[in-house]
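*Asks:* Below you will find the structure I want to go over with you.
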Amino acid sequence: MKNNKIFISGDEAVAVGVKLSRPHVIAAYPITPQTITVERLSDMVEAKELDAEYMHVESEHSAISATMGASAVGARTFTASSSQGLLYMTEGLHYCSGGRYPVVMMNANRSVALPWSIYGDQRDSLSLLDSGWIQVYVEDAQEALDMIIQAYKIAEHKDVLTPMMVNLDGFILTHTYELVDIPNQDEVDQFLPAFITPNKMSFEDPKNLGFSSKPDDNTEFKYQQNEAMFNAIPVLQDVDKEFGSKFGRTYHGMVEEYKCEDAEVVLVALGSVCGTVRVVIDNMRKAGKKVGLLKIRYMRPFPEAEVKALGKRVKAMGVIDKDISFGYEGTVYTNVNSALSKIDKHVFKQNFVGGLGGRDITKNEIEAMFNKLFLGISSEQEEKVEFFSLNVETNE
Amino acid sequence: MNNMLAIPKVNVKNMTDKEFFYGHKACAGCGGSIAVRLALKVLGERTFAALPAGCMSAVGFIYPQMAFNINALITTFPGAASMGSGIAVGAKAIGLKDFKTVVIAGDGGTADIGFQALSGMIDRNDDVLYICYDNEAYMNTGIQKSGLTPYGTKTTTTPTGKNLPGSVTHKKNLFEIIAAHDIAYAATASIGYPQDFINKVNKAKHTKGTSFIHVYASCPTGWGTPTETSVDIAKEAVDCGLIFLAEYENGEYKLNRNPKNFKSVNDYLAKQGRFKHMSDRDIEIVSSNRDKKWERMRKHWLQK
């Protein structure tokens with residue numbers, strides 16, 4: 001396989017991934033830290049490197065509405081947003097998944113006002129887990145590029161037909177430069193064929209879409225939507241394997257385990273912080289500590305089977321949440337806990353909430369998390385939700 | 001610029017017998033459904049229709065009874081124009097040719113919640129016809145005030161009583177706000193003048209870029225009028241001068257109808273439950289507002 005590595009940011013990697021996926025329509029509204037992606041795409045359209053219609057919409061609500069309209073005639077579409085913009089799209093997110101339009105979007109994970117913050121955490125997308133979108137969280141620019149290509153193949157699969165959001169941490173990934181291997185266009189074309197869907201309006205077979213349903217029918221539609229999300233699990237695993245055999249990179253489907261084979265204590269995390277956790281694990285392992293990482297890639301559909309399987313093998317599990325559901329706990333923790341409650345074994349758990357509004361999560365803090373988990377096993381401590389950078393526990 | 005002479009005329013004699021909007025559940029005498037029926041007959045089979053929340057989408061898409069005999073969908077409420085744009089742009093991008101996209105939205109969906117997206121669509125000059133059927137309130141949700149509800153109207157959110165005369169605001173100048181975008185083609189119409197409306201839809205159909213038609217469409221349910229008078233009352237609104245028929249094209253306004261004498265505003269208002277409470281003073285406010293508008297229109301919009 002020929003190497004074609006270039007030094008680009010996460011935002012630029014997304015733009016390249018979009019270009020290689022050959023969308024017909026791009027509609028987006030600028031918001032920091034997503035902007036570089038849509039700027040690069042407009043450059044590519046201008047240069048005719050990308051044969052797509054670029055729609056300068058006047059808002060994020062119109063961005064998602066326009067992509068749905070284009071998808072409804074069978075066009076492949078892309079949009080991108082972040083934070084306030086993503087929340088402004090919220091109505092459209094639910095609408096899009098309910099309409100089974102396989103729109104692909106990039107979300108630059110960013111904190112949510114108030115107070116205003118352009119910096120990263122994951123409160124924007126995690127507050128939208130119930131909007132019916134497949135949500136994947138990537139760890140670096142290469143994964144961002146590769147997942148855009150995979151996203152189209154997953155979202156457009158006939159058994160799925162569900163929109164997909166590729167999340168990358170604002171600034172930490174969007175604005176950091178890395179060497180990224182650029183797949184060959186011909187190989188991408190072989191991997192990702194043209195979008196063909198029965199769920200569209202056409203003059204050969206006219207349809208009324210986006211209709212209303214009565215109480216007699218609504219549950220059936222929502223059941224099908226839920227089934228489609230579960231259908232995505234084997235599809236995304238197959239797509240990842242096929243991607244691996246074609247491009248030499250695979251991301252292990254729903255989750256990636258790092259040094260979990262013999263681990264007693266693991267941390268669960270999403271996105272870029274996983275890189276820091278890996279470094280801490282390597283250091284602690286040198287000192288003989290059996291620690292590991294469960295990198296959750298997909299929050300929807302949720303990797304329940306994978307969390308349960310790992311829960312059966314370890315003594316303690318900590319969850320890092322770059323978000324907080326006010327009045328309770330971190331959202332990732334709630335989801336992990338729900339899965340662990342279904343196994344017949346007690347696992348010591350702790351929730352580490354932090355990294356909010358762009359605050360760094362340091363190696364020392366991560367090491368302290370592992371140590372607290374070890375302490376929890378040995379001393380039968382109560383399980384806690386901790387704002388770790390404040391050293392405050394909330395559920396006392 | 002359109003060469004109107006080259007556009008084949010559509011009238012009651014040569015209009016298609018095919019129906020593209022039927023089997024819907026609109027109220028008896030619904031003016032909006034008349035506007036949709038006529039517009040689609042002019043636009044024909046190669047049309048994509050996009051409708052936001054509102055009466056026409058509520059009555060036309062009740063699964064499994066689909067009332068549009070062409071491609072059609074319900075859009076997000078604020079995103080009718082942008083979803084319509086997406087259809088037009090997407091269809092072009094996949095290589096479709098010889099088709100029209102039409103957005104059909106109510107007065108609230110247009111002048112209020114959908115206005116931002118509409119402005120964006122005109123700015124991009126996407127190839128879409130946007131038809132606003134104006135029944136002067138949010139009728140689908142039960143007759144609440146919109147930005148196009150006229151002064152003195154009793155609605156369920158502008159009650160009349162000792163302290164309020166009903167709606168205290170006049171209709172937004174929607175047509176002029178749209179024209180101010182320097183849109184390719186814009187017009188006002190009324191279902192009381194169907195041939196005029198048909199001509200304008202036909203003109204818009206053959207306009208490249210964004211076009212807009214604001215059609216006055218009566219609502220017996222919301223207006224408190226007999227169902228059999230829907231067309232008459234929409235005509236009378238024009239004849240008494242409260243509604244005007246005009247076009248904007250190539251940067252110029254044109255007043256299509258300029259009556260020497262208006263019919264009585266009093267009579268028009270008195271026929272409708274929503275205006276029955278109006279005092280002489282409030283009727284005078286409505287009349288003088290009409291006169292000011294006409295003075296301005298006659299000064300600037302009449303072809304010299």
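So you can find residues: chains in the structure tokens are A, B, ... in the order shown, residues in each start at 1, and ligands are numbered from 1 in order.
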Report as a PyMOL selection string: the residues of segment 171-356 of chain A with a DSSP assignment of helix (DSSP H, G or I), based on the backbone of this structure.
*Replies:* chain A and resi 185-191+215-247+273-286+304-313+331-340+356
*Asks:* Would you list which chain A residues are within 6 Å of chain B using only C-alpha atoms, as a count of residues only?
*Replies:* 18
*Asks:* What is the atom CA of Lys315 of chain A-atom CA of Arg297 of chain A distance in Å, reported with one decimal?
*Replies:* 22.2 Å
*Asks:* Could you pull the residues within 10 Å of segment 241-244 of chain B, counting only C-alpha atoms, minus those fewer than 5 positions along the same chain, as a list in words?
*Replies:*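 Returned residues: Pro150, Ala187, Thr188, Ala189, Ser190, Val215, Tyr216, Ala234, Lys235, Glu236, Leu255, Asn256, Arg257, Asn258, Pro259, Asn261, Phe262, Lys263, Ser264, Val265, Tyr268, Val286, Ser287, Asn289, Arg290, Asp291, Lys293, Trp294 and Met297 of chain B.
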*Asks:* May I have the selected residues written with N, CA, C and O atoms, as a JSON list (two decimals), in the first residue's frame?
*Replies:*
[["chain", "number", "residue", "atom", "x", "y", "z"],
["B", 150, "PRO", "N", -54.30, 41.14, 10.56],
["B", 150, "PRO", "CA", -54.53, 42.59, 10.47],
["B", 150, "PRO", "C", -55.01, 43.22, 11.78],
["B", 150, "PRO", "O", -55.44, 42.52, 12.70],
["B", 187, "ALA", "N", -44.99, 38.32, -6.30],
["B", 187, "ALA", "CA", -46.34, 38.80, -6.62],
["B", 187, "ALA", "C", -47.26, 38.60, -5.43],
["B", 187, "ALA", "O", -47.00, 37.77, -4.57],
["B", 188, "THR", "N", -48.32, 39.39, -5.43],
["B", 188, "THR", "CA", -49.43, 39.12, -4.50],
["B", 188, "THR", "C", -50.61, 38.64, -5.33],
["B", 188, "THR", "O", -50.71, 38.95, -6.52],
["B", 189, "ALA", "N", -51.49, 37.90, -4.70],
["B", 189, "ALA", "CA", -52.64, 37.34, -5.41],
["B", 189, "ALA", "C", -53.75, 37.06, -4.40],
["B", 189, "ALA", "O", -53.56, 37.23, -3.20],
["B", 190, "SER", "N", -54.88, 36.64, -4.92],
["B", 190, "SER", "CA", -56.00, 36.27, -4.06],
["B", 190, "SER", "C", -56.75, 35.12, -4.72],
["B", 190, "SER", "O", -56.89, 35.11, -5.95],
["B", 215, "VAL", "N", -50.42, 34.72, -1.58],
["B", 215, "VAL", "CA", -51.81, 34.58, -2.03],
["B", 215, "VAL", "C", -52.77, 34.63, -0.83],
["B", 215, "VAL", "O", -52.60, 33.92, 0.15],
["B", 216, "TYR", "N", -53.74, 35.51, -0.99],
["B", 216, "TYR", "CA", -54.73, 35.69, 0.07],
["B", 216, "TYR", "C", -55.74, 34.54, -0.01],
["B", 216, "TYR", "O", -56.33, 34.28, -1.06],
["B", 234, "ALA", "N", -62.67, 36.52, -0.49],
["B", 234, "ALA", "CA", -61.28, 36.78, -0.89],
["B", 234, "ALA", "C", -61.24, 37.80, -2.04],
["B", 234, "ALA", "O", -60.28, 38.56, -2.17],
["B", 235, "LYS", "N", -62.29, 37.82, -2.85],
["B", 235, "LYS", "CA", -62.39, 38.82, -3.92],
["B", 235, "LYS", "C", -62.72, 40.19, -3.33],
["B", 235, "LYS", "O", -62.14, 41.21, -3.69],
["B", 236, "GLU", "N", -63.64, 40.15, -2.36],
["B", 236, "GLU", "CA", -64.08, 41.42, -1.74],
["B", 236, "GLU", "C", -62.92, 42.10, -1.00],
["B", 236, "GLU", "O", -62.85, 43.33, -0.96],
["B", 255, "LEU", "N", -48.51, 47.60, -10.08],
["B", 255, "LEU", "CA", -49.83, 47.43, -9.47],
["B", 255, "LEU", "C", -50.74, 46.84, -10.54],
["B", 255, "LEU", "O", -51.00, 47.49, -11.56],
["B", 256, "ASN", "N", -51.22, 45.62, -10.34],
["B", 256, "ASN", "CA", -52.00, 44.96, -11.38],
["B", 256, "ASN", "C", -53.44, 45.46, -11.44],
["B", 256, "ASN", "O", -54.09, 45.39, -12.46],
["B", 257, "ARG", "N", -53.92, 45.91, -10.31],
["B", 257, "ARG", "CA", -55.32, 46.29, -10.24],
["B", 257, "ARG", "C", -55.41, 47.58, -9.44],
["B", 257, "ARG", "O", -54.92, 47.64, -8.31],
["B", 258, "ASN", "N", -56.02, 48.59, -10.05],
["B", 258, "ASN", "CA", -56.06, 49.91, -9.41],
["B", 258, "ASN", "C", -57.47, 50.48, -9.50],
["B", 258, "ASN", "O", -57.77, 51.30, -10.35],
["B", 259, "PRO", "N", -58.35, 50.00, -8.63],
["B", 259, "PRO", "CA", -59.77, 50.38, -8.75],
["B", 259, "PRO", "C", -59.97, 51.89, -8.48],
["B", 259, "PRO", "O", -59.31, 52.45, -7.60],
["B", 261, "ASN", "N", -62.80, 53.23, -7.44],
["B", 261, "ASN", "CA", -63.49, 53.30, -6.15],
["B", 261, "ASN", "C", -63.40, 51.97, -5.43],
["B", 261, "ASN", "O", -63.58, 50.92, -6.06],
["B", 262, "PHE", "N", -63.10, 52.03, -4.16],
["B", 262, "PHE", "CA", -63.09, 50.81, -3.36],
["B", 262, "PHE", "C", -64.49, 50.45, -2.93],
["B", 262, "PHE", "O", -65.31, 51.33, -2.66],
["B", 263, "LYS", "N", -64.73, 49.16, -2.82],
["B", 263, "LYS", "CA", -65.96, 48.73, -2.15],
["B", 263, "LYS", "C", -65.82, 49.03, -0.66],
["B", 263, "LYS", "O", -64.73, 49.30, -0.16],
["B", 264, "SER", "N", -66.90, 48.92, 0.07],
["B", 264, "SER", "CA", -66.92, 49.33, 1.47],
["B", 264, "SER", "C", -66.10, 48.40, 2.38],
["B", 264, "SER", "O", -66.32, 47.19, 2.38],
["B", 265, "VAL", "N", -65.18, 48.99, 3.10],
["B", 265, "VAL", "CA", -64.43, 48.22, 4.10],
["B", 265, "VAL", "C", -65.38, 47.72, 5.19],
["B", 265, "VAL", "O", -65.28, 46.59, 5.66],
["B", 268, "TYR", "N", -67.13, 44.58, 4.16],
["B", 268, "TYR", "CA", -66.20, 43.44, 4.17],
["B", 268, "TYR", "C", -65.97, 42.95, 5.61],
["B", 268, "TYR", "O", -66.05, 41.74, 5.88],
["B", 286, "VAL", "N", -58.34, 51.16, 10.26],
["B", 286, "VAL", "CA", -58.09, 50.22, 9.15],
["B", 286, "VAL", "C", -58.20, 50.95, 7.81],
["B", 286, "VAL", "O", -57.34, 50.80, 6.93],
["B", 287, "SER", "N", -59.23, 51.77, 7.67],
["B", 287, "SER", "CA", -59.45, 52.47, 6.40],
["B", 287, "SER", "C", -58.34, 53.47, 6.09],
["B", 287, "SER", "O", -57.86, 53.56, 4.96],
["B", 289, "ASN", "N", -55.33, 53.44, 7.20],
["B", 289, "ASN", "CA", -54.10, 52.70, 6.92],
["B", 289, "ASN", "C", -54.10, 52.21, 5.47],
["B", 289, "ASN", "O", -53.09, 52.29, 4.77],
["B", 290, "ARG", "N", -55.26, 51.73, 5.03],
["B", 290, "ARG", "CA", -55.41, 51.32, 3.62],
["B", 290, "ARG", "C", -55.11, 52.50, 2.69],
["B", 290, "ARG", "O", -54.36, 52.37, 1.73],
["B", 291, "ASP", "N", -55.69, 53.64, 3.00],
["B", 291, "ASP", "CA", -55.55, 54.80, 2.11],
["B", 291, "ASP", "C", -54.09, 55.25, 2.01],
["B", 291, "ASP", "O", -53.61, 55.61, 0.94],
["B", 293, "LYS", "N", -51.48, 53.40, 2.38],
["B", 293, "LYS", "CA", -50.74, 52.41, 1.59],
["B", 293, "LYS", "C", -51.00, 52.61, 0.11],
["B", 293, "LYS", "O", -50.08, 52.56, -0.71],
["B", 294, "TRP", "N", -52.25, 52.82, -0.23],
["B", 294, "TRP", "CA", -52.59, 53.00, -1.66],
["B", 294, "TRP", "C", -51.99, 54.27, -2.23],
["B", 294, "TRP", "O", -51.58, 54.31, -3.39],
["B", 297, "MET", "N", -48.50, 53.30, -2.98],
["B", 297, "MET", "CA", -48.41, 52.35, -4.10],
["B", 297, "MET", "C", -48.69, 53.06, -5.42],
["B", 297, "MET", "O", -48.00, 52.85, -6.40]]
*Asks:* Considering only C-alpha atoms, return as a tab-separated table (two decimals) with C-alpha atoms, in the first residue's frame whatever protein or nucleic-acid residues lie within 8 Å of Asn202 of chain B, sequence-local ones (same chain, fewer than 4 positions apart) excluded.
*Replies:*
chain	number	residue	atom	x	y	z
B	7	ILE	CA	-44.67	31.26	-21.81
B	9	LYS	CA	-50.84	30.56	-21.10
B	10	VAL	CA	-52.72	28.45	-18.61
B	42	VAL	CA	-50.14	24.93	-13.12
B	43	LEU	CA	-46.86	23.48	-11.89
B	198	ILE	CA	-52.80	31.11	-12.11
B	206	HIS	CA	-40.86	29.81	-15.74
*Asks:* Sort by chain and increasing residue number a table of all residues of segment 183-240 of chain A within 12 Å of segment 117-134 of chain A, each with its closest pair of atoms and their distance in Å to one decimal, counting only C-alpha atoms, and write it as CSV.
*Replies:*
residue,atom,partner,partner_atom,distance
A:Lys222,CA,A:Gly132,CA,9.8
A:Tyr223,CA,A:Gly132,CA,11.7
A:Gln224,CA,A:Gly132,CA,11.5
A:Gln225,CA,A:Gly132,CA,7.8
A:Asn226,CA,A:Gly132,CA,8.1
A:Glu227,CA,A:Gly132,CA,11.1
A:Ala228,CA,A:Gly132,CA,9.8
A:Met229,CA,A:Ile134,CA,7.2
A:Phe230,CA,A:Ile134,CA,10.0
A:Asn231,CA,A:Ile134,CA,11.1
A:Ala232,CA,A:Ile134,CA,8.2
A:Ile233,CA,A:Ile134,CA,10.0
A:Val235,CA,A:Ile134,CA,11.9
A:Leu236,CA,A:Ile134,CA,10.2
*Asks:* Got a sec: who's within 8 Å of Tyr29 of chain A, counting only C-alpha atoms, leaving out chain neighbours fewer than 2 positions off, as a PyMOL selection string?
*Replies:* chain A and resi 27+31+56-60+63+80-81
*Asks:* Save the residues we just selected, C-alpha atoms, as an mmCIF file, in the first residue's frame?
*Replies:*
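Result written to result24.cif:
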data_model
loop_
_atom_site.group_PDB
_atom_site.id
_atom_site.type_symbol
_atom_site.label_atom_id
_atom_site.label_comp_id
_atom_site.auth_asym_id
_atom_site.auth_seq_id
_atom_site.Cartn_x
_atom_site.Cartn_y
_atom_site.Cartn_z
ATOM 1 C CA ALA A 27 -24.694 22.894 3.670
ATOM 2 C CA ILE A 31 -18.957 28.086 14.161
ATOM 3 C CA HIS A 56 -24.357 29.079 2.156
ATOM 4 C CA VAL A 57 -27.213 28.636 4.589
ATOM 5 C CA GLU A 58 -28.128 31.372 7.040
ATOM 6 C CA SER A 59 -28.212 29.150 10.140
ATOM 7 C CA GLU A 60 -27.549 25.671 11.478
ATOM 8 C CA ALA A 63 -28.081 23.564 7.343
ATOM 9 C CA ALA A 80 -20.828 20.291 10.207
ATOM 10 C CA SER A 81 -21.398 22.145 13.429
#
*Asks:* Which is closer to Met44 of chain A than all the others in A:Met105, A:Ala15, A:Val273, A:Cys260, using only C-alpha atoms?
*Replies:*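 Smallest separation from Met44 of chain A among the options: A:Ala15.
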*Asks:* Please provide as a list of chain:residue names all residues within 9 Å of segment 278-280 of chain A, with the sequence filter that same-chain residues fewer than 3 positions apart are discarded (counting only C-alpha atoms).
*Replies:*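 Here the answer would be A:Tyr258, A:Lys259, A:Val273, A:Cys274, A:Gly275, A:Asn283, A:Met284, A:Arg285, A:Gly292, A:Leu293, A:Lys363, A:Asn364, A:Ile366, A:Glu367.
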*Asks:* Could you pull the residues within 10 Å of Glu187 of chain A, counting only C-alpha atoms, minus those fewer than 3 positions along the same chain, as a PyMOL selection string?
*Replies:* chain A and resi 20+183-184+190-192+246-247
*Asks:* Of the candidates B:Gly222, B:Gly192, B:Gly209, B:Gly273, which one gets nearest to Lys145 of chain B if we count only C-alpha atoms?
*Replies:*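 Under the stated criterion, the closest residue is B:Gly222.
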